[in-house]
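Participant: Please see the structure below; I have some questions.
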Number of protein chains: 2
Amino acid sequence: MGGPIKGRTHRQLRIDLNKTMIASVNHPPLATPLADRLTAAGLRLTAPRRAVATVLETSETHLAPAEVLERARAICPDLGRATVYRTIDALVRIGALRPLYLGDGPEQRFALAEGGHHHLVCAACGTVVEFDDCPLGDLETTLAARTGFRIHGHLLELFGRCPACA
Amino acid sequence: MGGPIKGRTHRQLRIDLNKTMIASVNHPPLATPLADRLTAAGLRLTAPRRAVATVLETSETHLAPAEVLERARAICPDLGRATVYRTIDALVRIGALRPLYLGDGPEQRFALAEGGHHHLVCAACGTVVEFDDCPLGDLETTLAARTGFRIHGHLLELFGRCPACA
DNA sequence: TTGTCTGCAAAGCGTTTGCATTTCG
DNA sequence: CGAAATGCAAACGCTTTGCAGACAA
């Protein structure tokens with residue numbers, strides 16, 4: 001039977017490759033608060049939205065809607081599921097948040113759109129190693145000029161097998 | 001009301017940046033047939049699996065399970081939904097296929113794991129521009145050496161707004 | 001032959017929607 | 001005050017699972 005893809009857990013490690021990395025350090029995002037992004041986009045800033053924004057901004061990992069709901073309820077107890085989805089939708093459309101897929105279940109996960117996200121994903125066990133630096137500054141510039149896109153950030157996922165699964 | 005993220009369609013364009021691109025051309029994957037990968041992994045090669053593998057290999061775009069089912073039925077008429085999901089699961093776990101998210105609906109999409117996939121995604125309308133070259137060869141090598149991962153391929157998604165939506 | 005794989009249909013569950021009410025501006 | 005946003009709960013639709021039969025090796 002097709003094995004349980006679900007068996008894979010959502011683990012995230014973080015490594016610092018500064019010493020061995022190429023160049024062009026990508027400093028962490030300035031993290032203009034998501035709340036500001038909402039108002040700047042002409043959307044109303046409500047308590048539920050503020051709670052969702054705060055959770056997304058302060059999380060160390062890439063959250064799924066259910067996790068956002070759970071954590072945000074600590075700030076805004078009456079928060080409803082639907083509002084979480086709707087707020088995330090809004091943030092994605094404004095370009096403040098971006099969807100991503102880490103391969104450990106059918107739920108969607110999100111990350112701040114600003115800056116870059118770099119993952120090393122194990123196809124077998126779902127382990128995700130995150131690293132901070134990457135040499136994509138030039139590419140972003142080139143592509144922006146060439147295509148007319150306004151680029152907010154990027155996601156780089158290297159896919160393979162971790163030492164334990166290889 | 002939270003706008004319909006669904007309103008965004010799954011469009012894919014393709015551009016050739018050879019002329020303006022940096023260097024390090026990433027030649028297309030050798031595409032060891034997916035069917036071979038299955039047998040190599042000790043899995044049985046059945047007609048349904050062969051059909052799914054063929055569809056995934058020959059598609060120009062990144063398919064969702066429902067699309068794979070539809071197309072594969074042209075080859076294997078009795079193919080069932082469950083088998084498509086199970087086969088995709090198997091392919092992901094052996095590292096031949098990789099999940100990805102393009103932001104235009106809740107369904108998962110997949111791409112061959114070998115080689116690279118490079119997208120320029122518009123946060124507003126969901127348009128995806130695909131490009132073929134990227135300068136990540138060195139990074140893959142460095143990371144593989146540093147982390148012990150065996151890297152099959154990568155996904156690079158630049159997130160922003162297309163000219164029309166900006 | 002035998003354990004794997006398949007199709008079917010039901011179950012599961014993450015996401016979306018309708019609507020009356022509340023809230024921001 | 002008027003439009004936008006919210007919560008609830010039902011509706012949806014994609015994905016997974018149980019099982020008996022079919023099939024690769």
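For the structure tokens, the naming scheme is as follows: chains receive sequential letters (A, B, ...) according to their order of presentation, residues are indexed from 1 within each chain, and ligands are indexed from 1 in presentation order.
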Near range 1-18 of chain D, counting only C-alpha atoms (C1' of nucleotides), which residues have an atom at most 9 Å away, once you skip same-chain residues fewer than 5 positions from it, shown as an MDAnalysis selection string?

Facilitator: (chainID A and resid 4 43:44 46 48 78:83 106) or (chainID B and resid 1:2 66 82 85 106:108) or (chainID C and resid 10:18 21:24)

Participant: Check chain A with DSSP on the backbone and list each residue it calls strand (DSSP E), as a count of residues only.

Facilitator: 36

Participant: Taking only C-alpha atoms into account, find every residue of chain A that has an atom no more than 8 Å from chain B, and write it out as an NGL selection string.

Facilitator: :A and (1-3 or 5 or 20-22 or 85-87 or 89-90 or 92-95 or 98-103 or 106 or 108 or 113 or 122-124 or 134 or 139-140 or 142 or 147-163 or 166)

Participant: Would you write out those residues with C-alpha atoms, as a compact mmCIF listing (two decimals), in the first residue's frame?

Facilitator:
```txt
# COMPACT_ATOMS: atom_id res chain seq x y z
CA MET A 1 0.00 0.00 0.00
CA GLY A 2 1.17 3.51 -0.62
CA GLY A 3 3.00 4.36 2.51
CA ILE A 5 3.45 10.29 3.61
CA THR A 20 31.72 27.87 4.00
CA MET A 21 29.33 29.92 1.99
CA ILE A 22 30.06 31.70 -1.17
CA TYR A 85 -7.55 31.70 6.33
CA ARG A 86 -8.90 35.01 5.14
CA THR A 87 -6.13 36.99 6.75
CA ASP A 89 -5.12 35.06 1.91
CA ALA A 90 -4.96 38.80 2.21
CA VAL A 92 -0.40 36.53 0.38
CA ARG A 93 -2.17 38.72 -2.11
CA ILE A 94 -0.52 41.85 -0.79
CA GLY A 95 2.76 40.05 -1.27
CA ARG A 98 4.15 33.53 0.52
CA PRO A 99 2.90 29.98 0.36
CA LEU A 100 5.33 27.13 0.34
CA TYR A 101 5.30 23.41 0.51
CA LEU A 102 7.63 21.43 2.66
CA GLY A 103 6.43 17.98 1.84
CA PRO A 106 -1.24 18.11 2.69
CA GLN A 108 -0.17 24.52 3.22
CA ALA A 113 7.67 36.94 1.61
CA CYS A 122 14.71 15.18 2.82
CA ALA A 123 12.33 13.34 0.52
CA ALA A 124 12.22 10.31 2.77
CA CYS A 134 22.46 32.28 -0.67
CA LEU A 139 19.69 36.75 -10.13
CA GLU A 140 16.83 38.65 -8.55
CA THR A 142 18.58 40.37 -13.45
CA THR A 147 10.71 40.40 -16.83
CA GLY A 148 9.31 43.50 -15.23
CA PHE A 149 8.37 41.58 -12.12
CA ARG A 150 8.75 43.32 -8.81
CA ILE A 151 10.42 40.68 -6.70
CA HIS A 152 9.68 40.50 -2.99
CA GLY A 153 11.67 37.49 -2.04
CA HIS A 154 12.51 33.97 -2.92
CA LEU A 155 12.28 30.40 -1.85
CA LEU A 156 15.05 27.98 -2.58
CA GLU A 157 14.46 24.35 -1.75
CA LEU A 158 17.06 21.72 -2.36
CA PHE A 159 15.52 18.31 -2.47
CA GLY A 160 17.28 15.09 -1.62
CA ARG A 161 17.93 12.63 1.15
CA CYS A 162 19.45 13.36 4.49
CA PRO A 163 22.43 11.37 5.75
CA ALA A 166 20.53 7.93 2.23
```

Participant: Just the residues within 10 Å of Pro33 in chain A, please, counting only C-alpha atoms (C1' of nucleotides), with nothing from its chain fewer than 2 positions along; format it as a ChimeraX atom specification.

Facilitator: /A:30-31,35-38,50,53-54,56-57,96

Participant: I need the chosen residues saved as a PDB file, in the first residue's frame, with N, CA and C atoms.

Facilitator:
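Output file again_19.pdb is given in full below:
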```pdb
ATOM      1  N   LEU A  30      14.032  43.119   7.110  1.00  0.00           N
ATOM      2  CA  LEU A  30      13.788  44.204   8.050  1.00  0.00           C
ATOM      3  C   LEU A  30      12.466  43.974   8.752  1.00  0.00           C
ATOM      4  N   ALA A  31      11.685  43.070   8.203  1.00  0.00           N
ATOM      5  CA  ALA A  31      10.429  42.697   8.841  1.00  0.00           C
ATOM      6  C   ALA A  31       9.508  43.866   9.138  1.00  0.00           C
ATOM      7  N   ALA A  35       1.312  43.978  10.059  1.00  0.00           N
ATOM      8  CA  ALA A  35       0.156  44.833  10.313  1.00  0.00           C
ATOM      9  C   ALA A  35       0.240  46.099   9.464  1.00  0.00           C
ATOM     10  N   ASP A  36       1.430  46.650   9.395  1.00  0.00           N
ATOM     11  CA  ASP A  36       1.613  47.860   8.593  1.00  0.00           C
ATOM     12  C   ASP A  36       1.313  47.584   7.130  1.00  0.00           C
ATOM     13  N   ARG A  37       1.696  46.409   6.699  1.00  0.00           N
ATOM     14  CA  ARG A  37       1.469  46.059   5.306  1.00  0.00           C
ATOM     15  C   ARG A  37      -0.018  46.042   4.999  1.00  0.00           C
ATOM     16  N   LEU A  38      -0.783  45.576   5.983  1.00  0.00           N
ATOM     17  CA  LEU A  38      -2.231  45.516   5.800  1.00  0.00           C
ATOM     18  C   LEU A  38      -2.821  46.909   5.641  1.00  0.00           C
ATOM     19  N   ARG A  50      -4.430  41.483  13.721  1.00  0.00           N
ATOM     20  CA  ARG A  50      -3.202  41.813  14.416  1.00  0.00           C
ATOM     21  C   ARG A  50      -2.630  40.549  15.069  1.00  0.00           C
ATOM     22  N   ALA A  53      -1.106  38.332  12.413  1.00  0.00           N
ATOM     23  CA  ALA A  53       0.135  38.934  11.927  1.00  0.00           C
ATOM     24  C   ALA A  53       1.268  38.721  12.924  1.00  0.00           C
ATOM     25  N   THR A  54       0.959  38.945  14.184  1.00  0.00           N
ATOM     26  CA  THR A  54       1.988  38.785  15.214  1.00  0.00           C
ATOM     27  C   THR A  54       2.521  37.362  15.259  1.00  0.00           C
ATOM     28  N   LEU A  56       2.520  35.131  12.898  1.00  0.00           N
ATOM     29  CA  LEU A  56       3.313  34.830  11.714  1.00  0.00           C
ATOM     30  C   LEU A  56       4.695  35.474  11.771  1.00  0.00           C
ATOM     31  N   GLU A  57       4.733  36.670  12.319  1.00  0.00           N
ATOM     32  CA  GLU A  57       6.013  37.376  12.379  1.00  0.00           C
ATOM     33  C   GLU A  57       6.973  36.788  13.396  1.00  0.00           C
ATOM     34  N   ALA A  96       2.939  40.042   1.140  1.00  0.00           N
ATOM     35  CA  ALA A  96       3.666  40.089   2.402  1.00  0.00           C
ATOM     36  C   ALA A  96       3.994  38.684   2.904  1.00  0.00           C
TER      37      ALA A  96
END
```

Participant: One decimal, Å: what's the distance from C1' of DT1 in chain C over to C1' of DA24 in chain D, could you say?

Facilitator: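 Going from C1' of DT1 in chain C over to C1' of DA24 in chain D covers 11.8 Å.
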
Participant: Given the choices A:Glu67, A:Gly42, A:Ala145, A:Ala111, which gets closest to chain D if the distance is worked out from only C-alpha atoms (C1' of nucleotides)?

Facilitator: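 Ranking A:Glu67, A:Gly42, A:Ala145, A:Ala111 by distance to chain D, first place goes to A:Gly42.
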
Participant: Enumerate, as number ranges by chain, the complete set of residues in chain A that a backbone-based DSSP assignment places in helix (DSSP H, G or I).

Facilitator: A: 5-7, 34-40, 47-58, 65-72, 81-94, 137-147

Participant: What is the C1' of DG21 in chain D-C1' of DT6 in chain C distance in Å, reported with one decimal?

Facilitator: 8.7 Å

Participant: Nearest residue to chain D out of A:Leu45, A:Val128, A:Val68, A:Ile75, using only C-alpha atoms (C1' of nucleotides)?

Facilitator: A:Leu45

Participant: For chain C, which residue out of B:Thr58, B:Ala64, B:Arg71, B:Pro77 is the nearest one, using only C-alpha atoms (C1' of nucleotides)?

Facilitator: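 Once distances to chain C are computed over only C-alpha atoms (C1' of nucleotides), the minimum belongs to B:Pro77.
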